[in-house]
file structure24.cif (mmCIF, C-alpha atoms)
data_final
#
loop_
_atom_site.label_atom_id
_atom_site.label_comp_id
_atom_site.auth_asym_id
_atom_site.auth_seq_id
_atom_site.Cartn_x
_atom_site.Cartn_y
_atom_site.Cartn_z
CA MET P 23 158.79 -200.45 10.70
CA LYS P 24 159.83 -202.32 13.82
CA VAL P 25 160.33 -200.08 16.85
CA GLU P 26 163.19 -201.82 18.62
CA ARG P 27 166.90 -201.56 19.32
CA ILE P 28 169.10 -203.21 16.72
CA VAL P 29 172.47 -204.60 17.73
CA PRO P 30 174.87 -204.13 14.79
CA VAL P 31 177.50 -206.64 13.75
CA PRO P 32 180.95 -205.36 14.89
CA LEU P 33 182.91 -204.08 11.91
CA ASP P 34 186.06 -201.96 11.94
CA LYS P 35 187.02 -199.83 8.93
CA LYS P 36 190.08 -201.86 7.91
CA ARG P 37 188.28 -205.18 7.94
CA GLY P 38 185.33 -203.55 6.16
CA ALA P 39 187.63 -202.41 3.35
CA ALA P 40 188.81 -205.98 2.83
CA TYR P 41 185.22 -207.26 2.76
CA ALA P 42 184.20 -204.57 0.25
CA ALA P 43 187.08 -205.47 -2.08
CA ARG P 44 186.34 -209.19 -1.81
CA ALA P 45 182.65 -208.67 -2.55
CA ALA P 46 183.35 -206.54 -5.62
CA GLU P 47 185.89 -209.01 -6.98
CA THR P 48 183.74 -212.10 -6.51
CA GLN P 49 180.44 -210.55 -7.64
CA LEU P 50 181.74 -208.60 -10.66
CA GLY P 51 184.67 -210.80 -11.65
CA VAL P 52 187.05 -207.81 -11.76
CA GLY P 53 190.09 -207.11 -9.62
CA VAL P 54 190.08 -204.25 -7.10
CA LYS P 55 193.07 -201.91 -7.02
CA ASP P 56 192.07 -199.89 -3.98
CA THR P 57 189.26 -199.21 -1.51
CA VAL P 58 188.47 -195.91 0.20
CA TYR P 59 186.17 -195.51 3.21
CA LEU P 60 183.42 -193.01 2.37
CA GLY P 61 181.49 -192.92 5.63
CA GLY P 62 178.70 -194.64 7.45
CA GLY P 63 176.03 -194.50 10.09
CA SER P 64 174.83 -196.82 12.81
CA PHE P 65 174.19 -199.79 10.53
CA GLY P 66 176.10 -199.28 7.32
CA ARG P 67 179.58 -198.55 6.03
CA ALA P 68 180.23 -197.39 2.46
CA TYR P 69 183.47 -197.88 0.55
CA ARG P 70 184.61 -196.74 -2.87
CA ALA P 71 186.12 -199.64 -4.77
CA ASP P 72 188.49 -198.77 -7.62
CA LEU P 73 188.23 -201.61 -10.12
CA ALA P 74 191.02 -202.83 -12.35
CA ASP P 75 188.97 -201.99 -15.45
CA GLY P 76 188.91 -198.29 -14.50
CA ARG P 77 185.45 -198.14 -12.94
CA ARG P 78 184.81 -196.77 -9.49
CA ILE P 79 181.83 -198.19 -7.63
CA VAL P 80 180.44 -198.03 -4.09
CA VAL P 81 180.09 -201.10 -1.90
CA LYS P 82 177.83 -200.77 1.13
CA LEU P 83 178.24 -203.17 4.04
CA LEU P 84 175.16 -203.58 6.24
CA ARG P 85 175.70 -204.27 9.93
CA ALA P 86 172.09 -205.31 10.56
CA GLY P 87 169.96 -207.99 8.95
CA ASP P 88 166.89 -207.46 6.78
CA MET P 89 168.26 -204.27 5.22
CA MET P 90 169.85 -205.31 1.94
CA GLU P 91 166.79 -206.48 0.04
CA LYS P 92 164.82 -203.41 1.10
CA GLU P 93 167.55 -200.90 0.23
CA ALA P 94 168.27 -202.47 -3.15
CA HIS P 95 164.55 -202.64 -3.96
CA ASP P 96 164.02 -198.99 -3.07
CA LEU P 97 167.03 -197.80 -5.06
CA ARG P 98 165.70 -199.58 -8.14
CA LEU P 99 162.19 -198.21 -7.61
CA LEU P 100 163.36 -194.64 -7.11
CA ARG P 101 165.75 -194.89 -10.05
CA ALA P 102 162.82 -195.83 -12.30
CA HIS P 103 160.81 -192.76 -11.30
CA CYS P 104 163.33 -190.01 -10.51
CA PRO P 105 164.62 -187.63 -13.21
CA VAL P 106 167.75 -187.05 -11.10
CA LYS P 107 170.19 -189.96 -11.09
CA VAL P 108 169.77 -192.58 -8.36
CA PRO P 109 172.58 -195.18 -8.10
CA GLU P 110 172.14 -198.35 -10.14
CA VAL P 111 172.40 -201.51 -8.05
CA LEU P 112 175.15 -203.71 -9.49
CA PHE P 113 175.02 -206.73 -7.18
CA GLU P 114 173.67 -208.03 -3.88
CA ARG P 115 175.46 -210.52 -1.63
CA ARG P 116 174.16 -212.23 1.49
CA ALA P 117 176.38 -212.66 4.54
CA GLY P 118 178.26 -215.92 4.55
CA GLY P 119 181.62 -217.51 3.98
CA ASP P 120 184.43 -214.98 4.25
CA ILE P 121 182.12 -211.91 4.42
CA PRO P 122 180.04 -211.90 7.64
CA VAL P 123 177.64 -209.07 6.66
CA ASP P 124 175.14 -208.47 3.87
CA CYS P 125 176.40 -206.07 1.22
CA TYR P 126 175.59 -204.68 -2.17
CA GLY P 127 177.42 -202.77 -4.88
CA MET P 128 176.11 -199.74 -6.71
CA GLU P 129 177.02 -197.07 -9.17
CA ARG P 130 179.10 -194.21 -7.79
CA ILE P 131 177.47 -190.79 -8.15
CA GLU P 132 180.01 -188.11 -9.05
CA GLY P 133 180.60 -185.12 -6.78
CA LYS P 134 180.01 -184.68 -3.07
CA ASN P 135 176.96 -184.08 -0.96
CA ALA P 136 175.41 -180.63 -0.63
CA LEU P 137 176.02 -180.58 3.14
CA MET P 138 179.78 -180.73 2.63
CA SER P 139 179.77 -178.33 -0.34
CA LEU P 140 180.20 -175.31 1.88
CA GLY P 141 180.45 -172.86 -1.00
CA MET P 142 176.76 -173.43 -1.62
CA LEU P 143 175.92 -171.60 1.60
CA VAL P 144 177.22 -168.31 0.17
CA MET P 145 175.75 -168.64 -3.31
CA SER P 146 173.41 -165.91 -4.45
CA ARG P 147 169.75 -166.26 -3.53
CA ALA P 148 168.96 -166.87 -7.21
CA ARG P 149 171.39 -169.80 -7.40
CA ARG P 150 170.13 -171.27 -4.15
CA GLN P 151 166.60 -171.01 -5.51
CA ALA P 152 167.65 -172.74 -8.73
CA PHE P 153 169.06 -175.60 -6.63
CA ALA P 154 165.81 -175.78 -4.64
CA ASP P 155 163.77 -175.82 -7.85
CA GLU P 156 165.78 -178.68 -9.33
CA VAL P 157 165.59 -180.77 -6.16
CA THR P 158 161.88 -180.21 -5.52
CA ASP P 159 160.87 -180.72 -9.15
CA ALA P 160 162.68 -184.07 -9.15
CA LEU P 161 161.09 -185.11 -5.87
CA HIS P 162 157.65 -184.16 -7.17
CA GLU P 163 158.19 -186.52 -10.11
CA VAL P 164 158.95 -189.30 -7.62
CA HIS P 165 155.72 -188.49 -5.79
CA LYS P 166 153.79 -189.05 -9.01
CA CYS P 167 154.48 -192.77 -8.54
CA THR P 168 151.49 -193.92 -6.51
CA SER P 169 149.98 -197.08 -5.07
CA PRO P 170 146.35 -198.05 -4.33
CA THR P 171 147.42 -198.69 -0.72
CA PHE P 172 149.81 -197.24 1.86
CA GLY P 173 152.80 -198.90 3.47
CA ASP P 174 156.27 -200.26 2.86
CA THR P 175 157.27 -200.25 -0.81
CA MET P 176 157.72 -204.02 -0.77
CA SER P 177 154.29 -204.79 0.69
CA PRO P 178 151.89 -201.82 0.88
CA GLY P 179 148.62 -203.04 2.31
CA CYS P 180 146.88 -200.31 4.34
CA SER P 181 143.82 -198.58 2.99
CA SER P 182 144.67 -195.33 4.82
CA TRP P 183 147.80 -193.43 5.73
CA LEU P 184 146.92 -193.23 9.41
CA GLY P 185 146.11 -196.94 9.39
CA TYR P 186 149.80 -197.47 8.61
CA TYR P 187 151.51 -194.54 10.30
CA GLY P 188 149.31 -194.26 13.42
CA PRO P 189 150.30 -197.59 15.05
CA PHE P 190 153.96 -196.85 14.30
CA ALA P 191 153.72 -193.39 15.89
CA ARG P 192 152.02 -194.85 18.97
CA ALA P 193 154.70 -197.55 19.27
CA VAL P 194 157.48 -194.94 19.09
CA LEU P 195 155.82 -192.90 21.85
CA ASP P 196 155.34 -195.98 24.06
CA LYS P 197 158.99 -196.96 23.67
CA ALA P 198 160.07 -193.37 24.32
CA GLU P 199 158.07 -193.40 27.55
CA GLU P 200 159.87 -196.59 28.61
CA MET P 201 163.24 -195.03 27.86
CA HIS P 202 162.35 -191.84 29.72
CA ALA P 203 161.33 -193.88 32.78
CA ALA P 204 164.69 -195.67 32.58
CA GLY P 205 166.59 -192.37 32.39
CA GLN P 206 167.56 -192.91 28.74
CA LEU P 207 165.51 -190.09 27.20
CA SER P 208 165.41 -186.52 28.47
CA GLY P 209 162.37 -184.79 29.85
CA LYS P 210 162.44 -182.08 27.19
CA ILE P 211 162.04 -184.70 24.44
CA ILE P 212 159.26 -186.72 26.07
CA PHE P 213 157.37 -183.55 27.09
CA ALA P 214 157.40 -182.38 23.47
CA MET P 215 156.18 -185.78 22.31
CA ARG P 216 153.37 -185.85 24.87
CA ALA P 217 152.24 -182.36 23.87
CA ALA P 218 152.28 -183.33 20.19
CA TRP P 219 150.35 -186.55 20.84
CA ASP P 220 147.64 -184.59 22.62
CA LYS P 221 147.16 -182.64 19.38
CA TYR P 222 147.45 -185.69 17.11
CA PRO P 223 143.71 -185.62 16.16
CA ILE P 224 144.05 -182.02 14.98
CA ILE P 225 147.44 -182.36 13.28
CA PHE P 226 146.23 -185.35 11.26
CA SER P 227 142.63 -184.28 10.82
CA GLU P 228 142.93 -183.79 7.05
CA LYS P 229 142.73 -187.11 5.21
CA VAL P 230 145.65 -188.13 3.01
CA THR P 231 144.03 -189.32 -0.20
CA GLU P 232 147.02 -190.45 -2.27
CA ALA P 233 149.72 -192.99 -1.44
CA CYS P 234 152.86 -191.49 -2.99
CA LEU P 235 156.32 -193.00 -3.27
CA VAL P 236 158.67 -191.19 -0.84
CA HIS P 237 162.46 -191.28 -0.59
CA GLY P 238 162.30 -191.03 3.20
CA ASP P 239 165.65 -189.35 3.89
CA LEU P 240 166.20 -186.63 1.30
CA ASN P 241 168.20 -184.10 3.28
CA VAL P 242 171.19 -182.13 1.99
CA ALA P 243 173.57 -184.93 3.03
CA ASN P 244 171.90 -187.22 0.49
CA ILE P 245 171.80 -184.77 -2.42
CA MET P 246 174.97 -184.98 -4.53
CA VAL P 247 176.35 -182.01 -6.47
CA ASP P 248 179.28 -181.42 -8.82
CA GLY P 249 181.98 -178.75 -8.61
CA SER P 250 179.61 -176.17 -10.04
CA TYR P 251 176.95 -177.15 -7.47
CA ARG P 252 174.67 -178.73 -10.03
CA VAL P 253 172.68 -181.72 -8.77
CA THR P 254 174.22 -185.03 -9.82
CA GLY P 255 172.12 -187.50 -7.84
CA PHE P 256 170.01 -188.55 -4.87
CA ILE P 257 171.41 -191.29 -2.62
CA ASP P 258 170.59 -193.34 0.50
CA PRO P 259 166.81 -193.68 0.73
CA LEU P 260 165.59 -194.74 4.17
CA ASN P 261 162.29 -196.44 4.97
CA SER P 262 160.89 -195.57 1.57
CA MET P 263 157.11 -195.99 1.56
CA TYR P 264 153.91 -195.29 -0.25
CA ALA P 265 152.91 -192.51 2.08
CA ASP P 266 151.72 -188.99 2.64
CA ARG P 267 153.89 -187.03 0.18
CA GLU P 268 154.51 -184.43 2.91
CA TYR P 269 156.40 -187.11 4.84
CA ASP P 270 159.29 -186.42 2.43
CA LEU P 271 159.49 -182.73 3.37
CA PHE P 272 160.62 -182.73 7.01
CA GLN P 273 164.13 -183.81 6.07
CA PHE P 274 164.47 -180.70 3.90
CA ASP P 275 164.68 -178.57 7.06
CA ASN P 276 167.41 -180.65 8.72
CA LEU P 277 171.09 -179.66 8.75
CA THR P 278 171.60 -176.75 6.27
CA GLY P 279 168.43 -177.41 4.27
CA LYS P 280 166.63 -174.28 5.47
CA ARG P 281 169.30 -172.14 3.79
CA PHE P 282 167.94 -173.34 0.45
CA ARG P 283 164.25 -173.08 1.35
CA LEU P 284 163.69 -176.63 0.09
CA SER P 285 160.53 -177.39 2.05
CA GLU P 286 159.17 -173.89 1.48
CA THR P 287 159.79 -174.22 -2.27
CA TYR P 288 158.04 -177.57 -2.56
CA ARG P 289 155.02 -176.39 -0.62
CA ARG P 290 154.72 -173.16 -2.60
CA LYS P 291 154.93 -174.94 -5.96
CA TYR P 292 152.91 -178.08 -5.25
CA GLY P 293 150.58 -177.14 -2.41
CA GLU P 294 150.28 -178.19 1.20
CA SER P 295 147.71 -179.48 3.66
CA ARG P 296 146.17 -177.18 6.28
CA TYR P 297 148.38 -178.45 9.10
CA CYS P 298 151.45 -179.20 7.02
CA ALA P 299 153.84 -177.30 9.31
CA GLN P 300 152.60 -179.24 12.33
CA LYS P 301 152.80 -182.57 10.48
CA LEU P 302 156.36 -181.91 9.40
CA ALA P 303 157.33 -181.07 12.99
CA PHE P 304 155.67 -184.28 14.18
CA TYR P 305 157.25 -186.44 11.44
CA GLY P 306 160.68 -184.98 12.13
CA LEU P 307 160.60 -185.46 15.89
CA TRP P 308 159.15 -188.97 15.70
CA ASN P 309 161.68 -190.02 13.06
CA GLU P 310 164.64 -188.83 15.12
CA VAL P 311 163.37 -190.56 18.27
CA TYR P 312 162.80 -193.72 16.21
CA CYS P 313 166.40 -193.56 14.95
CA TYR P 314 167.60 -193.13 18.55
CA ILE P 315 165.56 -196.14 19.65
CA LYS P 316 167.09 -198.27 16.87
CA SER P 317 170.70 -197.15 17.20
CA GLY P 318 171.16 -195.79 20.72
CA VAL P 319 172.80 -192.73 19.20
CA LEU P 320 171.22 -189.33 19.90
CA VAL P 321 172.38 -186.43 17.71
CA GLY P 322 171.69 -183.24 19.62
CA LEU P 323 172.48 -181.08 16.59
CA ILE P 324 169.38 -182.55 14.93
CA MET P 325 167.20 -183.45 17.93
CA ASN P 326 167.27 -180.12 19.76
CA PRO P 327 165.93 -178.01 16.85
CA LEU P 328 163.20 -180.62 16.28
CA VAL P 329 162.01 -180.32 19.88
CA ARG P 330 161.94 -176.52 19.67
CA ASN P 331 160.13 -176.61 16.34
CA MET P 332 157.50 -179.01 17.70
CA HIS P 333 156.64 -176.62 20.52
CA ARG P 334 156.61 -173.65 18.13
CA ARG P 335 154.22 -175.37 15.73
CA LEU P 336 151.92 -176.57 18.51
CA ALA P 337 151.64 -172.98 19.74
CA GLU P 338 150.23 -172.05 16.32
CA LEU P 339 147.22 -174.34 16.67
#
call {"tool": "encode", "arguments": {"input": "structure24.cif", "output": "structure tokens"}}
result
Amino acid sequence: MKVERIVPVPLDKKRGAAYAARAAETQLGVGVKDTVYLGGGSFGRAYRADLADGRRIVVKLLRAGDMMEKEAHDLRLLRAHCPVKVPEVLFERRAGGDIPVDCYGMERIEGKNALMSLGMLVMSRARRQAFADEVTDALHEVHKCTSPTFGDTMSPGCSSWLGYYGPFARAVLDKAEEMHAAGQLSGKIIFAMRAAWDKYPIIFSEKVTEACLVHGDLNVANIMVDGSYRVTGFIDPLNSMYADREYDLFQFDNLTGKRFRLSETYRRKYGESRYCAQKLAFYGLWNEVYCYIKSGVLVGLIMNPLVRNMHRRLAEL
């Protein structure tokens, strides 16, 4: 994972809709009746394309290079190993001609994400636990897909987890220090990172022995549910790797995930390392700072709880 700022290709929603329709028509050979903007982050925009043959698919436009092949590869890999539906990739198209960004089309998963399904927050504890069981059981099946070596799913080549993750973590801290010196990163964030780095040898003292496939971004915003709040799919993997399986658990506590005890459920059912709580705090904080470095967008709603949690977990050592 490169630790650097990425400058996205400019893309407004209206023009993006036209590109999504054009891509679907040329790649699938079917007319498009309508396109609907679904949302997006720093580097991607997703559109629903309603095809003339009655199908509805999703077209994702990527505003940064070197993303399409990785995302499509990881969707296919996760789909092959996950008992919960992961979108099928329908086509891939490189930037060029009348579409200036890479894009790919995929199956549309029915329903809406668990973050926006507000009724789930007031479900009974038993129903919330049933949701947590279904999600964590499916993720555990994904983790059963292993590799002899750690690293990116497309080219794992490290004999140890820390041999892969350690240099990345150090690079994120070094860049964060640069940004703090330039007034671009607050003292409270860099102080938490420095304190965590001081305890790095303890936090990561237990060897990770198995390189497991991880989704990388399985928070409630990427878990789809139907009108009855049953799980219909997992979407949007990010930086999927063969990694420490606990790397997949920090996202469970983001946004409204704690309400469903997702991380707690996984750890109770499938075990945890001695310093799991500290590792999850470290993974979460480092990931959010990494995303800020890449995009220049800092989300206080996510970052602030991560900083507080890092200090709380360090105090437990």
call {"tool": "atom_distance", "arguments": {"input": "structure24.cif", "atom1": "atom CA of Arg192 of chain P", "atom2": "atom CA of Val29 of chain P"}}
result
22.7 Å
call {"tool": "closest_residue", "arguments": {"input": "structure24.cif", "among": "P:Tyr251, P:Asp220, P:Met263, P:Glu93", "to": "Thr171 of chain P", "atoms": "only C-alpha atoms"}}
result
P:Met263
call {"tool": "closest_residue", "arguments": {"input": "structure24.cif", "among": "P:Ile131, P:Leu339, P:Cys167, P:Ala117", "to": "Cys298 of chain P", "atoms": "all atoms listed in the file"}}
result
P:Leu339
call {"tool": "closest_atom_pairs", "arguments": {"input": "structure24.cif", "of": "segment 174-230 of chain P", "to": "segment 310-331 of chain P", "cutoff": "9 Å", "atoms": "only C-alpha atoms", "output": "Markdown table"}}
result
| residue | atom | partner | partner_atom | distance |
| --- | --- | --- | --- | --- |
| P:Val194 | CA | P:Tyr312 | CA | 6.2 |
| P:Leu195 | CA | P:Val311 | CA | 8.7 |
| P:Lys197 | CA | P:Ile315 | CA | 7.7 |
| P:Ala198 | CA | P:Val311 | CA | 7.4 |
| P:Met201 | CA | P:Ile315 | CA | 8.6 |
| P:Lys210 | CA | P:Val329 | CA | 7.5 |
| P:Ile211 | CA | P:Val329 | CA | 6.3 |
| P:Ala214 | CA | P:Val329 | CA | 6.2 |
| P:Met215 | CA | P:Val329 | CA | 8.3 |
call {"tool": "write_last_selection", "arguments": {"input": "structure24.cif", "atoms": "C-alpha atoms", "output": "PDB file, in the coordinates of the input"}}
result
ATOM      1  CA  VAL P 194     157.480-194.940  19.090  1.00  0.00           C
ATOM      2  CA  LEU P 195     155.820-192.900  21.850  1.00  0.00           C
ATOM      3  CA  LYS P 197     158.990-196.960  23.670  1.00  0.00           C
ATOM      4  CA  ALA P 198     160.070-193.370  24.320  1.00  0.00           C
ATOM      5  CA  MET P 201     163.240-195.030  27.860  1.00  0.00           C
ATOM      6  CA  LYS P 210     162.440-182.080  27.190  1.00  0.00           C
ATOM      7  CA  ILE P 211     162.040-184.700  24.440  1.00  0.00           C
ATOM      8  CA  ALA P 214     157.400-182.380  23.470  1.00  0.00           C
ATOM      9  CA  MET P 215     156.180-185.780  22.310  1.00  0.00           C
TER      10      MET P 215
END
call {"tool": "resolve_selection", "arguments": {"input": "structure24.cif", "expression": "the PyMOL selection byres ((chain P and resi 104-112) around 6)", "output": "PyMOL selection string"}}
result
chain P and resi 100-101+103+113+127-129+160+164+255-256
call {"tool": "residues_around", "arguments": {"input": "structure24.cif", "residues": "segment 140-143 of chain P", "least_positions_apart": "4", "cutoff": "12 Å", "atoms": "only C-alpha atoms", "output": "list in words"}}
result
Lys134, Asn135, Ala136, Arg147, Ala148, Arg149, Arg150, Gln151, Ala152, Phe153, Ala154, Val242, Ala243, Val247, Asp248, Gly249, Ser250, Tyr251, Arg252, Val253, Leu277, Thr278, Gly279, Lys280, Arg281, Phe282 and Arg283 of chain P
call {"tool": "resolve_selection", "arguments": {"input": "structure24.cif", "expression": "the PyMOL selection byres ((chain P and resi 79) around 7)", "output": "PyMOL selection string"}}
result
chain P and resi 70-72+77-78+80-81+127-130
call {"tool": "write_last_selection", "arguments": {"input": "structure24.cif", "atoms": "C-alpha atoms", "output": "PDB file, in the frame of the given file"}}
result
ATOM      1  CA  ARG P  70     184.610-196.740  -2.870  1.00  0.00           C
ATOM      2  CA  ALA P  71     186.120-199.640  -4.770  1.00  0.00           C
ATOM      3  CA  ASP P  72     188.490-198.770  -7.620  1.00  0.00           C
ATOM      4  CA  ARG P  77     185.450-198.140 -12.940  1.00  0.00           C
ATOM      5  CA  ARG P  78     184.810-196.770  -9.490  1.00  0.00           C
ATOM      6  CA  VAL P  80     180.440-198.030  -4.090  1.00  0.00           C
ATOM      7  CA  VAL P  81     180.090-201.100  -1.900  1.00  0.00           C
ATOM      8  CA  GLY P 127     177.420-202.770  -4.880  1.00  0.00           C
ATOM      9  CA  MET P 128     176.110-199.740  -6.710  1.00  0.00           C
ATOM     10  CA  GLU P 129     177.020-197.070  -9.170  1.00  0.00           C
ATOM     11  CA  ARG P 130     179.100-194.210  -7.790  1.00  0.00           C
TER      12      ARG P 130
END
call {"tool": "resolve_selection", "arguments": {"input": "structure24.cif", "expression": "the PyMOL selection byres ((chain P and resi 38) around 12)", "output": "ChimeraX atom specification"}}
result
/P:31-37,39-45,57-62,66-71,81-85,120-125
call {"tool": "atom_distance", "arguments": {"input": "structure24.cif", "atom1": "atom CA of Asp275 of chain P", "atom2": "atom CA of Asn241 of chain P"}}
result
7.6 Å
call {"tool": "residues_near_point", "arguments": {"input": "structure24.cif", "point": "(146.7, -188.9, 5.2)", "cutoff": "7 Å", "atoms": "all atoms listed in the file", "output": "PDB file with C-alpha atoms, in the coordinates of the input"}}
result
ATOM      1  CA  SER P 182     144.670-195.330   4.820  1.00  0.00           C
ATOM      2  CA  TRP P 183     147.800-193.430   5.730  1.00  0.00           C
ATOM      3  CA  LEU P 184     146.920-193.230   9.410  1.00  0.00           C
ATOM      4  CA  GLU P 228     142.930-183.790   7.050  1.00  0.00           C
ATOM      5  CA  LYS P 229     142.730-187.110   5.210  1.00  0.00           C
ATOM      6  CA  VAL P 230     145.650-188.130   3.010  1.00  0.00           C
ATOM      7  CA  THR P 231     144.030-189.320  -0.200  1.00  0.00           C
ATOM      8  CA  ASP P 266     151.720-188.990   2.640  1.00  0.00           C
TER       9      ASP P 266
END
call {"tool": "closest_residue", "arguments": {"input": "structure24.cif", "among": "P:Ser285, P:Lys92, P:Phe304, P:Val25", "to": "Asp159 of chain P", "atoms": "all atoms listed in the file"}}
result
P:Ser285
call {"tool": "closest_residue", "arguments": {"input": "structure24.cif", "among": "P:Ser208, P:Gln273, P:Ser262, P:Asn244", "to": "Leu302 of chain P", "atoms": "only C-alpha atoms"}}
result
P:Gln273
call {"tool": "closest_residue", "arguments": {"input": "structure24.cif", "among": "P:Asp96, P:Glu294, P:Glu286, P:Glu199", "to": "Gly238 of chain P", "atoms": "all atoms listed in the file"}}
result
P:Asp96
call {"tool": "closest_residue", "arguments": {"input": "structure24.cif", "among": "P:Leu97, P:Ile212, P:Leu336, P:Ile225", "to": "Ser295 of chain P", "atoms": "only C-alpha atoms"}}
result
P:Ile225
call {"tool": "residues_around", "arguments": {"input": "structure24.cif", "residues": "Ala94 of chain P", "least_positions_apart": "4", "cutoff": "8 Å", "atoms": "only C-alpha atoms", "output": "JSON, numbers by chain"}}
result
{"P": [90, 98, 111, 114, 126]}
call {"tool": "atom_distance", "arguments": {"input": "structure24.cif", "atom1": "atom CA of Thr158 of chain P", "atom2": "atom CA of Leu284 of chain P"}}
result
6.9 Å
